[in-house]
Amino acid sequence: MTSLPASASPRQLGLVIDLDICVGCHACAVNCKEWNTGGHMAPLTDLNAYGAKPSGVWFNRIHTFEVEGEVNAGGSGCGSSGRTVHFPKSCLHCETPDCVTVCPTGASYKRAEDGIVLVNEDKCIGCKLCSWACPYGAREFDEDVGVMKKCTLCIDRIYNENLPEIDRVPACVATCPTSARHFGDLGDPTSEISQLVQARGGYDLMPELGYRPSNKYLPPRRRDGEGNAATRAPEAAAPQPEPASAKLSPFLRWVDNLLSR
Amino acid sequence: MHPAYSVIFFTSASGGGYGLLVWLGLLGASGQLPTDRWLGFTGFAWALLMVTAGLLSSTAHLGHPERAWRAFSQWRSSWLSREGVMSVATYIPAGITAIGWVFLERVLPWSGLLMAALAILTICCTAMIYASLKTIRRWRHPLTLPCYLAIGLSSGALWLACLAPVFGAGQGVLWLAVFTLAIAGLVKLAYWYSIDHERPGSTTASATGLGSPGKVHLFAAPHTAENYLQREMGFVIARKHALKLRGIALVLGFLLPILLCLLAAQLPALPAFLALVLAVIANGAGVLTERWLFFAEARHTVMLYYGAETA
């Protein structure tokens with residue numbers, strides 16, 4: 001049934017992506033591809049993989065944006081000068097996903113128990129209308145298999161009792177070397193990631209369209225503010241302590257330098 | 001949006017086919033058309049041929065056409081599913097009306113009216129598939145549905161105007177064609193005027209939540225070659241080409257057919273028929289061009305992540 005679940009549980013699993021610390025390494029996209037090409041929606045077909053125009057299905061893609069002037073994401077995080085922001089994007093598992101309701105066959109659905117949006121590949125006729133209805137580009141058509149594919153939030157990892165508990169997170173979260181990706185229950189205001197969203201001013205993408213995405217983005221922090229030594233202007237006013245050798249005559253200073261090597 | 005020929009042909013041909021069914025139903029049921037069995041035969045054959053060819057063509061772009069029957073199941077939420085249900089449901093009263101007209105030489109009014117109502121609803125459902133997508137502002141437009149309806153009804157009226165006089169109908173159908181073609185042309189002009197003066201919608205800034213509009217630019221794409229999303233939603237047509245094609249669509253689709261209808265009204269039967277055949281051909285070419293533009297000029301929000309600044 002492609003109507004949205006009428007009595008959804010408050011549980012809504014999703015991701016929180018920290019744009020402040022993402023370094024744009026694409027490890028999340030690669031690990032996602034590696035896991036999912038053998039997972040629930042397998043395969044993630046690649047066509048012409050070694051040719052001039054490779055084309056493949058990816059659930060996760062990392063865009064890089066250049067922001068001039070104020071980086072004013074969501075309130076708390078503001079920076080003043082221009083900067084480069086790496087921007088990973090996967091399915092946002094929206095609260096009101098039109099990709100589900102437009103599906104004519106019932107292949108697309110949103111799970112009532114945890115809010116994950118999935119595709120039943122056996123029912124999909126490959127009409128592509130769901131990909132037209134998604135503003136974020138989360139759905140990619142598999143030309144080879146003839147069905148639509150999308151992020152499953154690694155449904156075959158997060159509930160997988162064969163994995164150690166620490167590994168029961170989506171592949172992208174497990175692999176992120178800077179911990180820029182967080183996984184949890186966004187429907188529970190007391191959960192760790194809900195608190196993170198609260199504390200850092202996490203925001204929605206294109207809120208004006210009304211899809212109410214579950215995944216949140218954490219804005220980049222100030223780079224030029226206090227307490228950030230890396231980009232602070234050189235403190236010209238503070239006198240540098242003179243080295244003791246400065247008081248010596250040129251010759252002795254030369255000897256001092258020579259001996260100090 | 002990528003203009004897929006299967007969908008362009010489907011919406012144009014089925015639109016006209018259902019338009020013709022509407023007029024056969026309404027005018028037949030109200031006694032405005034001759035009940036000659038050959039008018040019934042050619043009228044229904046042409047309408048059902050266009051409808052069926054269009055529907056079959058629409059399955060050509062499916063990844064799994066053999067599963068298309070599943071598309072009748074989700075009419076509660078999906079306009080595409082509703083369109084499928086209505087398009088097939090229309091065949092039932094169309095078949096009954098056609099049998100009555102061809103074999104009994106009479107039009108069953110309740111069946112004709114039901115057929116007209118279902119045909120109108122089918123055109124509306126087709127339009128709503130596009131008009132319901134929030135991701136494409138030029139489709140989620142108050143004039144999308146009127147455009148589909150007016151163009152489908154005017155093509156149908158023109159086809160009837162070409163056929164009916166052969167079987168002894170008066171000039172009323174000619175004036176119906178002129179009137180509906182004029183309305184369709186005006187509605188399309190209003191649509192084009194409106195999308196040329198649209199207010200800015202989503203921007204790269206709102207898509208990323210970074211910076212202010214005009215200050216956020218794509219610096220590096222996620223991958224080196226085009227992906228499915230860019231091929232499907234990234235079609236861009238140069239403004240000057242779009243204007244030229246709009247002119248072609250307007251002249252071939254509406255102006256020329258109107259002039260040929262007016263000419264046919266002055267001519268004896270055979271030259272009038274030939275002029276109307278020419279009008280039908282011009283209208284077909286114009287409507288296909290218009291439908292191609294409907295896709296080519298539509299911009300999808302996903303391209304904000306691939307270098308577009310507004311959508």
# chains A, B, ... in the order shown; residues from 1 in each chain; ligands from 1
$ residues_around --residues "Pro257 of chain B" --least-positions-apart "6" --cutoff "12 Å" --atoms "only C-alpha atoms" --output "ChimeraX atom specification"
/B:154-155,157-159,161-162,174-175,177-182,184-185,249-251,263-264,275-287
$ residues_around --residues "Val236 of chain B" --least-positions-apart "4" --cutoff "9 Å" --atoms "only C-alpha atoms" --output "list in words"
Met1, His2, Ala296, Glu297, Ala298 and Arg299 of chain B
$ write_last_selection --atoms "N, CA and C atoms" --output "PDB file, in the first residue's frame"
ATOM      1  N   MET B   1      13.352  18.381 -17.656  1.00  0.00           N
ATOM      2  CA  MET B   1      13.093  16.956 -17.647  1.00  0.00           C
ATOM      3  C   MET B   1      13.340  16.385 -19.028  1.00  0.00           C
ATOM      4  N   HIS B   2      13.852  15.160 -19.028  1.00  0.00           N
ATOM      5  CA  HIS B   2      14.136  14.494 -20.296  1.00  0.00           C
ATOM      6  C   HIS B   2      12.825  14.225 -21.042  1.00  0.00           C
ATOM      7  N   ALA B 296      10.665  19.446 -21.816  1.00  0.00           N
ATOM      8  CA  ALA B 296      11.991  20.042 -21.958  1.00  0.00           C
ATOM      9  C   ALA B 296      12.147  21.314 -21.125  1.00  0.00           C
ATOM     10  N   GLU B 297      11.052  22.065 -20.940  1.00  0.00           N
ATOM     11  CA  GLU B 297      11.157  23.317 -20.185  1.00  0.00           C
ATOM     12  C   GLU B 297      10.989  23.119 -18.685  1.00  0.00           C
ATOM     13  N   ALA B 298      10.622  21.900 -18.261  1.00  0.00           N
ATOM     14  CA  ALA B 298      10.402  21.652 -16.832  1.00  0.00           C
ATOM     15  C   ALA B 298      11.739  21.472 -16.130  1.00  0.00           C
ATOM     16  N   ARG B 299      11.875  22.092 -14.961  1.00  0.00           N
ATOM     17  CA  ARG B 299      13.131  21.987 -14.215  1.00  0.00           C
ATOM     18  C   ARG B 299      12.874  21.331 -12.866  1.00  0.00           C
TER      19      ARG B 299
END
$ atom_distance --atom1 "atom CA of Met148 of chain A" --atom2 "atom CA of Ala68 of chain B"
14.6 Å
$ interface_residues --of "chain B" --to "chain A" --cutoff "6 Å" --atoms "only C-alpha atoms" --output "PyMOL selection string"
chain B and resi 62-64+67+70-71+73-74+77-78+80-81+133+135+206-211+215-222+225+227+301-302
$ atom_distance --atom1 "atom CA of Gly39 of chain A" --atom2 "atom CA of Asp156 of chain A"
6.8 Å
$ atom_distance --atom1 "atom CA of Arg200 of chain A" --atom2 "atom CA of Ser179 of chain A"
15.0 Å
$ residues_around --residues "Glu105 of chain B" --least-positions-apart "3" --cutoff "7 Å" --atoms "only C-alpha atoms" --output "list of chain:residue names"
B:Thr35, B:Asp36, B:Arg37, B:Gly100, B:Trp101, B:Val102
$ select_by_dssp --residues "segment 26-55 of chain B" --states "alpha helix (DSSP H)" --output "list of chain:residue names"
B:Leu26, B:Leu27, B:Gly28, B:Ala29, B:Arg37, B:Trp38, B:Leu39, B:Gly40, B:Phe41, B:Thr42, B:Gly43, B:Phe44, B:Ala45, B:Trp46, B:Ala47, B:Leu48, B:Leu49, B:Met50, B:Val51, B:Thr52, B:Ala53, B:Gly54, B:Leu55
$ write_last_selection --atoms "C-alpha atoms" --output "PDB file, in the first residue's frame"
ATOM      1  CA  LEU B  26     -21.899  14.232 -25.518  1.00  0.00           C
ATOM      2  CA  LEU B  27     -23.010  15.099 -29.059  1.00  0.00           C
ATOM      3  CA  GLY B  28     -24.185  11.553 -29.779  1.00  0.00           C
ATOM      4  CA  ALA B  29     -26.256  11.338 -26.613  1.00  0.00           C
ATOM      5  CA  ARG B  37     -23.167   3.309 -38.405  1.00  0.00           C
ATOM      6  CA  TRP B  38     -20.112   4.287 -40.453  1.00  0.00           C
ATOM      7  CA  LEU B  39     -19.654   7.475 -38.481  1.00  0.00           C
ATOM      8  CA  GLY B  40     -19.862   5.350 -35.343  1.00  0.00           C
ATOM      9  CA  PHE B  41     -17.411   2.850 -36.758  1.00  0.00           C
ATOM     10  CA  THR B  42     -14.776   5.322 -37.989  1.00  0.00           C
ATOM     11  CA  GLY B  43     -15.182   7.611 -34.960  1.00  0.00           C
ATOM     12  CA  PHE B  44     -14.757   4.856 -32.382  1.00  0.00           C
ATOM     13  CA  ALA B  45     -12.090   3.068 -34.391  1.00  0.00           C
ATOM     14  CA  TRP B  46     -10.001   6.242 -34.583  1.00  0.00           C
ATOM     15  CA  ALA B  47     -10.567   7.228 -30.933  1.00  0.00           C
ATOM     16  CA  LEU B  48      -9.871   3.769 -29.532  1.00  0.00           C
ATOM     17  CA  LEU B  49      -6.882   3.331 -31.839  1.00  0.00           C
ATOM     18  CA  MET B  50      -5.300   6.553 -30.550  1.00  0.00           C
ATOM     19  CA  VAL B  51      -6.149   5.754 -26.941  1.00  0.00           C
ATOM     20  CA  THR B  52      -4.820   2.215 -27.173  1.00  0.00           C
ATOM     21  CA  ALA B  53      -1.683   3.165 -29.106  1.00  0.00           C
ATOM     22  CA  GLY B  54      -0.985   5.850 -26.519  1.00  0.00           C
ATOM     23  CA  LEU B  55      -1.506   3.537 -23.558  1.00  0.00           C
TER      24      LEU B  55
END
